[in-house]
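**Q** Okay, so here is my_file_21.tsv, and as you'll see once you scroll down, it has TSV, C-alpha atoms.
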chain	number	residue	atom	x	y	z
A	9	MET	CA	83.57	50.96	-88.30
A	10	HIS	CA	80.81	53.52	-88.28
A	11	TYR	CA	79.47	55.84	-85.66
A	12	LEU	CA	76.65	53.59	-84.41
A	13	GLN	CA	74.45	56.07	-82.61
A	14	LYS	CA	70.92	57.33	-83.17
A	15	HIS	CA	70.06	60.94	-82.62
A	16	GLN	CA	66.84	62.48	-81.40
A	17	GLU	CA	65.50	65.12	-83.77
A	18	ILE	CA	65.38	68.57	-82.19
A	19	SER	CA	64.63	72.06	-83.44
A	20	SER	CA	67.49	73.53	-85.42
A	21	ARG	CA	66.71	76.88	-83.84
A	22	ASP	CA	66.92	75.72	-80.24
A	23	TYR	CA	70.62	74.78	-80.12
A	24	LYS	CA	69.84	72.16	-77.49
A	25	LEU	CA	71.72	69.02	-76.67
A	26	SER	CA	69.94	65.74	-77.13
A	27	SER	CA	70.68	62.78	-74.91
A	28	SER	CA	73.22	61.56	-77.48
A	29	ASN	CA	75.38	64.69	-77.14
A	30	THR	CA	74.43	65.87	-80.63
A	31	LEU	CA	74.19	69.59	-81.28
A	32	LYS	CA	72.10	70.83	-84.19
A	33	GLY	CA	71.55	74.40	-85.33
A	34	LEU	CA	71.56	77.03	-88.06
A	35	ARG	CA	74.49	79.28	-88.86
A	36	GLU	CA	75.39	81.80	-91.54
A	37	ARG	CA	79.08	80.93	-91.86
A	38	PRO	CA	79.81	78.38	-94.63
A	39	PRO	CA	82.02	75.34	-94.03
A	40	SER	CA	85.70	76.13	-93.73
A	41	THR	CA	87.25	72.75	-94.59
A	42	TYR	CA	85.35	71.39	-97.58
A	43	SER	CA	82.19	72.11	-99.59
A	44	LEU	CA	80.29	69.81	-101.97
A	45	LYS	CA	77.64	71.21	-104.32
A	46	MET	CA	75.39	68.94	-106.36
A	47	GLU	CA	73.38	70.22	-109.32
A	48	ALA	CA	71.22	67.12	-109.77
A	49	PHE	CA	70.75	65.43	-106.43
A	50	HIS	CA	68.13	62.98	-107.72
A	51	ARG	CA	70.72	61.37	-110.02
A	52	VAL	CA	72.90	60.58	-107.02
A	53	LEU	CA	69.82	59.48	-105.07
A	54	ASN	CA	68.84	56.92	-107.66
A	55	SER	CA	72.23	55.63	-108.75
A	56	THR	CA	74.56	54.96	-105.82
A	57	GLU	CA	74.73	53.99	-102.16
A	58	TYR	CA	76.94	56.97	-101.39
A	59	TYR	CA	78.91	59.74	-103.06
A	60	GLU	CA	82.49	60.27	-101.92
A	61	THR	CA	84.47	63.45	-102.61
A	62	ARG	CA	88.08	63.74	-103.62
A	63	PRO	CA	90.59	63.80	-100.73
A	64	PHE	CA	91.12	67.09	-98.93
A	65	SER	CA	93.64	68.03	-96.28
A	66	ALA	CA	92.93	69.09	-92.70
A	67	GLY	CA	95.13	68.95	-89.62
A	68	GLY	CA	97.94	67.24	-91.52
A	69	TYR	CA	95.79	64.31	-92.74
A	70	ASN	CA	93.78	63.51	-95.85
A	71	TRP	CA	90.01	63.03	-95.62
A	72	THR	CA	86.96	62.46	-97.81
A	73	LEU	CA	83.34	63.47	-97.30
A	74	ARG	CA	80.68	60.80	-97.86
A	75	VAL	CA	77.03	61.56	-98.54
A	76	TYR	CA	74.52	58.71	-98.27
A	77	PRO	CA	71.50	60.11	-100.17
A	78	ASN	CA	69.23	57.25	-99.04
A	79	GLY	CA	70.79	56.88	-95.63
A	80	ASN	CA	73.41	54.41	-94.41
A	81	ASN	CA	71.27	51.33	-93.80
A	82	LYS	CA	74.18	49.55	-92.12
A	83	ASP	CA	74.23	52.26	-89.46
A	84	GLY	CA	70.52	52.68	-88.78
A	85	GLY	CA	70.17	55.48	-91.30
A	86	SER	CA	67.29	54.14	-93.37
A	87	GLY	CA	64.92	56.98	-94.21
A	88	TYR	CA	67.48	59.64	-93.38
A	89	LEU	CA	70.27	61.53	-95.08
A	90	SER	CA	73.61	60.32	-93.67
A	91	LEU	CA	76.92	62.20	-93.63
A	92	TYR	CA	80.38	60.87	-92.77
A	93	VAL	CA	84.05	61.73	-92.97
A	94	ALA	CA	86.68	59.10	-93.72
A	95	ILE	CA	90.40	59.40	-93.07
A	96	ASP	CA	92.94	58.19	-95.62
A	97	LYS	CA	94.56	55.07	-94.13
A	98	SER	CA	97.81	55.81	-95.89
A	99	SER	CA	98.29	58.87	-93.69
A	100	LEU	CA	98.19	56.72	-90.55
A	101	ASP	CA	101.00	54.69	-89.07
A	102	ALA	CA	99.25	51.35	-88.44
A	103	SER	CA	102.31	49.79	-86.82
A	104	ALA	CA	102.35	52.49	-84.18
A	105	HIS	CA	98.60	52.21	-83.52
A	106	GLN	CA	98.28	55.88	-84.32
A	107	GLU	CA	95.08	57.63	-83.31
A	108	VAL	CA	93.74	60.94	-84.59
A	109	TYR	CA	91.16	62.90	-82.62
A	110	ALA	CA	89.00	65.22	-84.69
A	111	ASP	CA	86.08	67.57	-84.18
A	112	LEU	CA	83.54	67.21	-87.00
A	113	ARG	CA	80.79	69.61	-87.99
A	114	PHE	CA	78.61	68.77	-91.01
A	115	TYR	CA	76.66	71.33	-93.08
A	116	ILE	CA	73.60	71.32	-95.34
A	117	PHE	CA	72.64	74.59	-96.98
A	118	ASN	CA	69.06	75.81	-96.53
A	119	ARG	CA	68.06	78.27	-99.25
A	120	ASN	CA	64.92	79.44	-97.40
A	121	GLN	CA	66.88	80.44	-94.32
A	122	ARG	CA	69.98	81.52	-96.24
A	123	LYS	CA	71.85	79.60	-93.57
A	124	TYR	CA	73.47	76.22	-93.05
A	125	PHE	CA	71.89	73.48	-91.02
A	126	THR	CA	74.72	71.99	-88.94
A	127	ILE	CA	75.16	68.89	-86.85
A	128	GLN	CA	78.07	68.01	-84.58
A	129	ASP	CA	78.91	66.05	-81.46
A	130	THR	CA	80.09	67.62	-78.23
A	131	ASP	CA	82.95	65.10	-78.06
A	132	VAL	CA	85.77	64.41	-80.51
A	133	PHE	CA	85.83	61.44	-82.85
A	134	ARG	CA	88.70	58.95	-82.60
A	135	PHE	CA	90.11	57.79	-85.91
A	136	ASN	CA	92.64	54.96	-86.31
A	137	ALA	CA	93.51	52.16	-88.72
A	138	PHE	CA	90.47	50.18	-87.58
A	139	ASN	CA	88.02	53.08	-87.26
A	140	THR	CA	88.46	55.19	-90.38
A	141	MET	CA	84.96	56.64	-90.80
A	142	TRP	CA	82.78	58.61	-88.42
A	143	GLY	CA	79.72	60.74	-88.81
A	144	PHE	CA	75.94	60.77	-88.37
A	145	SER	CA	73.51	58.24	-89.78
A	146	GLN	CA	70.40	60.34	-89.09
A	147	VAL	CA	71.22	63.90	-90.10
A	148	LEU	CA	67.83	64.84	-91.58
A	149	PRO	CA	64.75	62.77	-92.44
A	150	LEU	CA	64.92	62.10	-96.17
A	151	ASP	CA	61.35	63.31	-96.66
A	152	THR	CA	62.25	66.60	-94.97
A	153	PHE	CA	65.32	67.00	-97.16
A	154	LYS	CA	63.50	66.17	-100.43
A	155	ASP	CA	60.47	68.40	-99.81
A	156	LEU	CA	61.19	71.50	-101.92
A	157	LYS	CA	59.29	73.82	-99.61
A	158	ASN	CA	61.85	73.15	-96.84
A	159	GLY	CA	64.68	74.73	-98.84
A	160	TYR	CA	67.34	72.01	-98.80
A	161	LEU	CA	66.80	71.35	-102.51
A	162	TYR	CA	66.66	74.53	-104.57
A	163	ASP	CA	66.89	75.78	-108.17
A	164	GLY	CA	65.24	72.57	-109.29
A	165	ASP	CA	67.48	69.93	-107.77
A	166	HIS	CA	70.57	71.67	-106.38
A	167	SER	CA	72.01	70.96	-102.93
A	168	GLU	CA	75.11	71.83	-100.93
A	169	PHE	CA	76.92	69.90	-98.22
A	170	GLY	CA	80.06	70.64	-96.26
A	171	VAL	CA	82.22	69.73	-93.32
A	172	ASP	CA	84.65	71.27	-90.87
A	173	VAL	CA	87.40	68.93	-89.72
A	174	THR	CA	89.47	70.21	-86.84
A	175	VAL	CA	92.33	68.19	-85.37
A	176	PRO	CA	93.02	69.81	-82.01
A	177	LYS	CA	96.54	69.78	-80.67
A	178	PRO	CA	97.29	69.19	-76.98
A	179	PHE	CA	97.86	72.44	-75.14
A	180	GLU	CA	101.45	73.55	-74.72
A	181	LYS	CA	100.94	76.23	-72.09
A	182	SER	CA	98.90	76.10	-68.91
A	183	GLU	CA	98.58	77.52	-65.44
A	184	LEU	CA	97.58	76.22	-62.04
A	185	LEU	CA	95.67	78.42	-59.60
A	186	SER	CA	95.82	77.11	-56.04
A	187	PHE	CA	94.72	78.41	-52.65
A	188	SER	CA	96.36	77.83	-49.30
A	189	LYS	CA	95.34	78.58	-45.74
A	190	ARG	CA	97.71	80.79	-43.82
A	191	SER	CA	98.19	82.14	-40.32
A	192	ASP	CA	100.76	84.90	-40.98
A	193	ARG	CA	100.34	87.79	-38.58
A	194	PHE	CA	101.83	91.27	-38.35
A	195	THR	CA	101.26	93.75	-35.54
A	196	TRP	CA	101.96	97.41	-36.22
A	197	THR	CA	102.55	99.55	-33.14
A	198	ILE	CA	102.07	103.20	-34.05
A	199	ARG	CA	103.53	105.50	-31.41
A	200	GLY	CA	102.99	109.25	-31.21
A	201	PHE	CA	99.74	108.88	-33.09
A	202	SER	CA	98.66	112.49	-32.45
A	203	THR	CA	101.84	113.79	-34.09
A	204	LEU	CA	101.50	111.79	-37.29
A	205	THR	CA	101.36	113.41	-40.68
A	206	ARG	CA	98.44	112.53	-42.88
A	207	TYR	CA	99.94	109.35	-44.36
A	208	THR	CA	101.86	106.79	-42.36
A	209	TYR	CA	103.38	103.58	-43.64
A	210	SER	CA	104.42	100.36	-41.99
A	211	ASP	CA	107.64	98.50	-42.64
A	212	VAL	CA	107.56	96.04	-45.53
A	213	ILE	CA	105.78	92.83	-44.48
A	214	SER	CA	106.67	89.38	-45.77
A	215	PHE	CA	103.60	87.15	-46.07
A	216	ALA	CA	103.52	83.85	-47.96
A	217	GLY	CA	106.74	84.66	-49.80
A	218	ARG	CA	105.50	88.03	-51.01
A	219	LYS	CA	106.07	91.55	-49.76
A	220	TRP	CA	103.30	93.88	-48.59
A	221	TRP	CA	102.88	97.16	-46.77
A	222	SER	CA	100.15	98.99	-44.90
A	223	TYR	CA	99.43	102.69	-44.83
A	224	GLN	CA	96.93	105.26	-43.69
A	225	ASN	CA	95.12	106.82	-46.63
A	226	VAL	CA	97.36	106.71	-49.71
A	227	PHE	CA	97.70	104.35	-52.66
A	228	HIS	CA	101.24	103.43	-53.57
A	229	MET	CA	102.59	100.50	-55.54
A	230	MET	CA	105.18	98.94	-53.30
A	231	THR	CA	105.70	95.54	-51.70
A	232	ARG	CA	103.32	94.34	-48.99
A	233	GLN	CA	102.90	97.04	-46.45
A	234	LEU	CA	100.25	98.57	-44.25
A	235	GLY	CA	99.35	102.22	-44.64
A	236	ILE	CA	97.24	104.32	-42.32
A	237	ASN	CA	95.71	107.72	-42.94
A	238	SER	CA	95.28	109.43	-39.62
A	239	SER	CA	93.00	112.06	-41.25
A	240	GLY	CA	90.78	109.58	-43.02
A	241	SER	CA	90.31	108.82	-46.71
A	242	GLY	CA	87.28	108.77	-48.97
A	243	SER	CA	84.10	108.24	-46.97
A	244	GLY	CA	86.19	108.26	-43.79
A	245	SER	CA	87.74	111.68	-44.40
A	246	GLY	CA	87.55	113.80	-41.27
A	247	LYS	CA	85.78	111.17	-39.19
A	248	ALA	CA	87.79	107.95	-39.19
A	249	VAL	CA	91.25	106.46	-39.63
A	250	SER	CA	91.65	104.69	-43.00
A	251	LEU	CA	93.75	101.56	-43.40
A	252	PHE	CA	95.00	99.96	-46.61
A	253	PHE	CA	97.00	96.86	-47.48
A	254	HIS	CA	99.19	96.86	-50.58
A	255	LEU	CA	101.04	94.33	-52.66
A	256	LEU	CA	104.17	95.47	-54.43
A	257	ALA	CA	103.65	95.37	-58.18
A	258	ASN	CA	106.85	93.37	-58.71
A	259	GLN	CA	105.71	90.60	-56.35
A	260	ARG	CA	103.53	88.81	-58.88
A	261	THR	CA	104.92	85.71	-60.58
A	262	GLY	CA	103.55	86.86	-63.93
A	263	ALA	CA	102.41	90.07	-65.53
A	264	TYR	CA	98.81	88.82	-65.59
A	265	GLU	CA	98.71	87.14	-62.20
A	266	ALA	CA	95.88	88.07	-59.87
A	267	VAL	CA	96.45	87.31	-56.19
A	268	TYR	CA	93.50	86.36	-54.01
A	269	VAL	CA	93.75	87.48	-50.38
A	270	LEU	CA	91.59	86.74	-47.36
A	271	ALA	CA	92.85	88.72	-44.37
A	272	LYS	CA	91.63	89.91	-41.00
A	273	PHE	CA	92.40	93.44	-39.79
A	274	GLN	CA	92.11	94.52	-36.20
A	275	VAL	CA	92.56	97.58	-34.04
A	276	LEU	CA	93.81	95.96	-30.84
A	277	ASN	CA	92.14	97.02	-27.65
A	278	GLN	CA	94.90	97.71	-25.14
A	279	LEU	CA	92.49	97.44	-22.19
A	280	LYS	CA	91.36	93.97	-23.37
A	281	LEU	CA	87.80	95.21	-23.90
A	282	GLY	CA	87.42	93.80	-27.41
A	283	ASN	CA	89.09	94.55	-30.70
A	284	ILE	CA	87.65	96.28	-33.75
A	285	GLN	CA	87.82	93.71	-36.53
A	286	MET	CA	87.22	93.81	-40.28
A	287	GLU	CA	87.74	91.16	-42.96
A	288	LEU	CA	89.19	91.79	-46.40
A	289	GLU	CA	88.57	89.41	-49.29
A	290	ASN	CA	89.72	90.61	-52.67
A	291	TRP	CA	91.98	90.10	-55.67
A	292	TYR	CA	95.20	92.07	-56.02
A	293	GLY	CA	96.48	92.96	-59.46
A	294	ILE	CA	93.15	92.91	-61.35
A	295	THR	CA	92.01	96.49	-60.79
A	296	SER	CA	94.29	97.55	-57.95
A	297	PHE	CA	97.33	96.57	-55.93
A	298	GLY	CA	95.86	98.02	-52.76
A	299	TRP	CA	92.66	97.33	-50.84
A	300	GLY	CA	91.45	98.38	-47.43
A	301	PHE	CA	88.94	100.37	-45.41
A	302	SER	CA	88.14	104.07	-45.59
A	303	GLU	CA	86.46	103.90	-42.19
A	304	PHE	CA	88.61	101.57	-40.13
A	305	VAL	CA	88.26	103.15	-36.70
A	306	SER	CA	86.34	106.32	-35.87
A	307	PHE	CA	87.97	109.37	-34.31
A	308	ASP	CA	85.28	109.31	-31.63
A	309	ASP	CA	86.42	105.84	-30.53
A	310	LEU	CA	90.03	106.96	-30.48
A	311	ARG	CA	89.32	110.13	-28.49
A	312	ASP	CA	87.43	108.17	-25.85
A	313	SER	CA	90.27	106.91	-23.65
A	314	SER	CA	87.89	104.61	-21.79
A	315	LYS	CA	87.46	102.51	-24.91
A	316	GLY	CA	91.11	101.47	-24.88
A	317	PHE	CA	92.08	101.81	-28.53
A	318	LEU	CA	94.47	104.75	-28.15
A	319	VAL	CA	96.58	104.45	-24.99
A	320	ASP	CA	99.57	106.68	-24.25
A	321	ASP	CA	99.17	108.07	-27.77
A	322	THR	CA	99.82	104.58	-29.15
A	323	LEU	CA	97.62	102.74	-31.65
A	324	MET	CA	98.09	99.03	-32.33
A	325	VAL	CA	96.94	97.58	-35.65
A	326	GLN	CA	97.15	93.93	-36.61
A	327	VAL	CA	96.72	92.12	-39.92
A	328	GLU	CA	96.43	88.34	-40.17
A	329	LEU	CA	96.62	86.60	-43.53
A	330	GLU	CA	94.14	83.70	-43.59
A	331	ALA	CA	94.29	82.55	-47.21
A	332	ILE	CA	96.14	83.44	-50.39
A	333	SER	CA	96.33	82.21	-53.97
A	334	THR	CA	99.35	81.16	-55.97
A	335	THR	CA	99.55	80.82	-59.74
A	336	LYS	CA	102.08	78.56	-61.41
A	337	TYR	CA	102.72	78.87	-65.14
A	338	PHE	CA	103.90	76.00	-67.36
A	339	PRO	CA	106.36	76.25	-68.90
A	340	SER	CA	107.64	78.71	-66.36
I need this file expressed as structure tokens, please.
**A**
Amino acid sequence: MHYLQKHQEISSRDYKLSSSNTLKGLRERPPSTYSLKMEAFHRVLNSTEYYETRPFSAGGYNWTLRVYPNGNNKDGGSGYLSLYVAIDKSSLDASAHQEVYADLRFYIFNRNQRKYFTIQDTDVFRFNAFNTMWGFSQVLPLDTFKDLKNGYLYDGDHSEFGVDVTVPKPFEKSELLSFSKRSDRFTWTIRGFSTLTRYTYSDVISFAGRKWWSYQNVFHMMTRQLGINSSGSGSGSGKAVSLFFHLLANQRTGAYEAVYVLAKFQVLNQLKLGNIQMELENWYGITSFGWGFSEFVSFDDLRDSSKGFLVDDTLMVQVELEAISTTKYFPS
């Protein structure tokens, strides 16, 4: 069985995909599996239907490279140079209907470019006891290949072919990134606000099986917790309260896990006049374990008792977790 598929000729410089999923191009790197050099191509051209190399090993199987100098007429290759790879049947277990999936990339050296013309398919080829040979019937037009000015024949009548055969193994490790909607909510009642030191921290918060904390204006690696800086941080220094939300570093399921968080933060209005609300959407563990707002609520709004955010020297802050990611690793 042959690979019965015709391929549209495209520029070797464009690296475009034709409708038949064939990728053609030029590359400097020589073939890594097998190379075939011919010093008198015309003798092969005039004397045989195809030339077949000795067996070579790749991926635990034995293979041969076949060059059809006049094209494989049985596979629509008339007028073209055809290249194929065949697997040694003896390395297959026919009784078990064994199949071998292989990536194939064929090479033809171009002396003018000092590079290799390559052709490959974007999918793997499936070899078994009934389908032992796959390749391309229309690699290059024979006239293009034979014309000395094109550089495929050089030093009189020399040529070079090659192939990379890669037998990919199924992956053994994987991970699953999933997202879930949440409605976890934590309200932090901060009493004696005017007497606070610069940094204030909430109790540890348990959201979605992880621990967090909040604080005002400092970055610490702890669980999940809110932190508030009553003096302001960064752009909010001296003019606004800063609020940050942290994930404890030891709360990730893996050393490389990044945790996506979508959360809503509010300063609750105790006179029911409308809350101040901000939304946080970010990844924890990529560049930081803590994210938040340098300008969460202005001092002017807090000083104005008619606005209802600071009542009886008490500030109420609320965080609501709306969505979070979880990463599972296999094997765990």
**Q** Would you compute the distance between atom CA of Gln128 of chain A and atom CA of Thr30 of chain A? Give it in Å to one decimal.
**A**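 Straight-line distance from atom CA of Gln128 of chain A to atom CA of Thr30 of chain A works out to 5.8 Å.
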**Q** Quick one: of A:Leu44, A:Phe297, A:Asn118, A:Asn283, who's nearest to Asp309 of chain A, counting all atoms listed in the file?
**A**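 So, comparing all the options, the nearest one is A:Asn283.
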**Q** Report as a list in words all protein, DNA and RNA residues lying within 12 Å of segment 154-156 of chain A, evaluated on all atoms listed in the file, omitting residues in the same chain fewer than 2 positions from it.
**A** Phe49, His50, Leu53, Pro77, Asn78, Gly87, Tyr88, Leu89, Asn118, Arg119, Asn120, Leu148, Pro149, Leu150, Asp151, Thr152, Asn158, Gly159, Tyr160, Leu161, Tyr162, Asp163, Gly164, Asp165, His166 and Ser167 of chain A
**Q** What does the structure give for the distance between atom CA of Glu168 of chain A and atom CA of Asn29 of chain A, in Å to one decimal?
**A** 24.8 Å
**Q** Report the centre and edge lengths, in Å to one decimal, of an axis-aligned box enclosing every atom of segment 52-61 of chain A listed in the file, padded by 3 Å on each side, as AutoDock Vina command-line options.
**A**
--center_x 76.7 --center_y 58.7 --center_z -105.1 --size_x 21.6 --size_y 15.5 --size_z 13.4
**Q** Using only C-alpha atoms, which protein or nucleic acid residues come within 8 Å of Val108 of chain A? Drop anything in the same chain fewer than 4 positions from it, and give the result as a list in words.
**A** Arg134, Phe135, Asn136 and Val175 of chain A
**Q** Could you write those residues out with C-alpha atoms, as a PDB file, in the frame of the given file?
**A**
ATOM      1  CA  ARG A 134      88.700  58.950 -82.600  1.00  0.00           C
ATOM      2  CA  PHE A 135      90.110  57.790 -85.910  1.00  0.00           C
ATOM      3  CA  ASN A 136      92.640  54.960 -86.310  1.00  0.00           C
ATOM      4  CA  VAL A 175      92.330  68.190 -85.370  1.00  0.00           C
TER       5      VAL A 175
END
**Q** Just to confirm, what's the straight-line distance from atom CA of Tyr124 of chain A to atom CA of Met46 of chain A in Å (one decimal)?
**A** 15.3 Å
**Q** List the neighbours of Ser186 of chain A out to 10 Å using only C-alpha atoms; skip same-chain residues closer than 4 positions along the sequence, and give me the result as number ranges by chain.
**A** A: 268, 332-336
**Q** Name all residues at most 8 Å from segment 312-319 of chain A (count only C-alpha atoms; drop same-chain ones fewer than 3 positions away) and give them as a compact mmCIF listing (two decimals) with C-alpha atoms, keeping the file's coordinate frame.
**A**
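Dumped to part-v6.txt:
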# COMPACT_ATOMS: atom_id res chain seq x y z
CA VAL A 275 92.56 97.58 -34.04
CA LEU A 276 93.81 95.96 -30.84
CA ASN A 277 92.14 97.02 -27.65
CA GLN A 278 94.90 97.71 -25.14
CA LEU A 279 92.49 97.44 -22.19
CA LYS A 280 91.36 93.97 -23.37
CA LEU A 281 87.80 95.21 -23.90
CA ASP A 308 85.28 109.31 -31.63
CA ASP A 309 86.42 105.84 -30.53
CA THR A 322 99.82 104.58 -29.15
CA LEU A 323 97.62 102.74 -31.65
CA MET A 324 98.09 99.03 -32.33
**Q** With all atoms listed in the file as the counted atoms, please give the residues lying no more than 8 Å from Thr61 of chain A, apart from itself and same-chain residues fewer than 5 positions off, as a ChimeraX atom specification.
**A** /A:44,72-74
**Q** Using only C-alpha atoms, which of A:Val173, A:Asp83, A:Thr197, A:Ser55 sits nearest Gly68 of chain A?
**A**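 Distance minimum relative to Gly68 of chain A lands on A:Val173.
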**Q** For Leu112 of chain A, which residue out of A:Ser40, A:Gly282, A:Lys219, A:Glu180 is the nearest one, using all atoms listed in the file?
**A**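 So, comparing all the options, the nearest one is A:Ser40.
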**Q** Kindly write segment 71-89 of chain A with N, CA, C and O atoms to a file, as an mmCIF file, in the first residue's frame.
**A**
data_model
loop_
_atom_site.group_PDB
_atom_site.id
_atom_site.type_symbol
_atom_site.label_atom_id
_atom_site.label_comp_id
_atom_site.auth_asym_id
_atom_site.auth_seq_id
_atom_site.Cartn_x
_atom_site.Cartn_y
_atom_site.Cartn_z
ATOM 1 N N TRP A 71 14.018 0.106 8.912
ATOM 2 C CA TRP A 71 13.399 0.786 7.787
ATOM 3 C C TRP A 71 14.346 0.791 6.599
ATOM 4 O O TRP A 71 15.547 0.562 6.749
ATOM 5 N N THR A 72 13.821 1.077 5.424
ATOM 6 C CA THR A 72 14.639 1.342 4.239
ATOM 7 C C THR A 72 14.089 2.582 3.544
ATOM 8 O O THR A 72 12.900 2.900 3.648
ATOM 9 N N LEU A 73 14.979 3.289 2.864
ATOM 10 C CA LEU A 73 14.603 4.455 2.078
ATOM 11 C C LEU A 73 14.554 4.049 0.614
ATOM 12 O O LEU A 73 15.486 3.435 0.097
ATOM 13 N N ARG A 74 13.466 4.395 -0.073
ATOM 14 C CA ARG A 74 13.325 4.095 -1.495
ATOM 15 C C ARG A 74 13.265 5.388 -2.299
ATOM 16 O O ARG A 74 12.506 6.296 -1.987
ATOM 17 N N VAL A 75 14.082 5.428 -3.347
ATOM 18 C CA VAL A 75 14.092 6.555 -4.274
ATOM 19 C C VAL A 75 13.613 6.060 -5.629
ATOM 20 O O VAL A 75 14.205 5.135 -6.211
ATOM 21 N N TYR A 76 12.554 6.644 -6.147
ATOM 22 C CA TYR A 76 12.047 6.340 -7.480
ATOM 23 C C TYR A 76 12.529 7.449 -8.412
ATOM 24 O O TYR A 76 11.930 8.536 -8.466
ATOM 25 N N PRO A 77 13.612 7.228 -9.151
ATOM 26 C CA PRO A 77 14.213 8.303 -9.959
ATOM 27 C C PRO A 77 13.308 8.785 -11.092
ATOM 28 O O PRO A 77 13.410 9.934 -11.515
ATOM 29 N N ASN A 78 12.422 7.925 -11.577
ATOM 30 C CA ASN A 78 11.481 8.312 -12.631
ATOM 31 C C ASN A 78 10.061 8.460 -12.099
ATOM 32 O O ASN A 78 9.111 8.533 -12.878
ATOM 33 N N GLY A 79 9.931 8.473 -10.794
ATOM 34 C CA GLY A 79 8.615 8.581 -10.202
ATOM 35 C C GLY A 79 7.941 7.231 -10.051
ATOM 36 O O GLY A 79 8.196 6.306 -10.825
ATOM 37 N N ASN A 80 7.095 7.107 -9.040
ATOM 38 C CA ASN A 80 6.341 5.874 -8.816
ATOM 39 C C ASN A 80 5.044 5.962 -9.624
ATOM 40 O O ASN A 80 4.064 6.571 -9.207
ATOM 41 N N ASN A 81 5.061 5.342 -10.811
ATOM 42 C CA ASN A 81 3.900 5.428 -11.701
ATOM 43 C C ASN A 81 2.646 4.810 -11.092
ATOM 44 O O ASN A 81 1.524 5.216 -11.412
ATOM 45 N N LYS A 82 2.821 3.844 -10.202
ATOM 46 C CA LYS A 82 1.674 3.192 -9.573
ATOM 47 C C LYS A 82 0.991 4.096 -8.538
ATOM 48 O O LYS A 82 -0.081 3.779 -8.047
ATOM 49 N N ASP A 83 1.653 5.198 -8.211
ATOM 50 C CA ASP A 83 1.134 6.101 -7.186
ATOM 51 C C ASP A 83 0.986 7.528 -7.727
ATOM 52 O O ASP A 83 1.049 8.492 -6.974
ATOM 53 N N GLY A 84 0.800 7.644 -9.042
ATOM 54 C CA GLY A 84 0.599 8.961 -9.632
ATOM 55 C C GLY A 84 1.842 9.800 -9.670
ATOM 56 O O GLY A 84 1.746 11.034 -9.701
ATOM 57 N N GLY A 85 3.018 9.164 -9.664
ATOM 58 C CA GLY A 85 4.256 9.919 -9.602
ATOM 59 C C GLY A 85 4.963 10.099 -10.926
ATOM 60 O O GLY A 85 6.118 10.538 -10.947
ATOM 61 N N SER A 86 4.320 9.791 -12.024
ATOM 62 C CA SER A 86 4.966 9.923 -13.327
ATOM 63 C C SER A 86 5.392 11.370 -13.566
ATOM 64 O O SER A 86 4.612 12.306 -13.387
ATOM 65 N N GLY A 87 6.654 11.546 -13.956
ATOM 66 C CA GLY A 87 7.167 12.884 -14.198
ATOM 67 C C GLY A 87 7.721 13.562 -12.963
ATOM 68 O O GLY A 87 8.127 14.724 -13.032
ATOM 69 N N TYR A 88 7.729 12.858 -11.865
ATOM 70 C CA TYR A 88 8.220 13.417 -10.596
ATOM 71 C C TYR A 88 9.279 12.499 -10.003
ATOM 72 O O TYR A 88 9.408 11.325 -10.370
ATOM 73 N N LEU A 89 10.011 13.009 -9.061
ATOM 74 C CA LEU A 89 10.877 12.201 -8.207
ATOM 75 C C LEU A 89 10.048 11.775 -7.008
ATOM 76 O O LEU A 89 9.382 12.604 -6.376
#
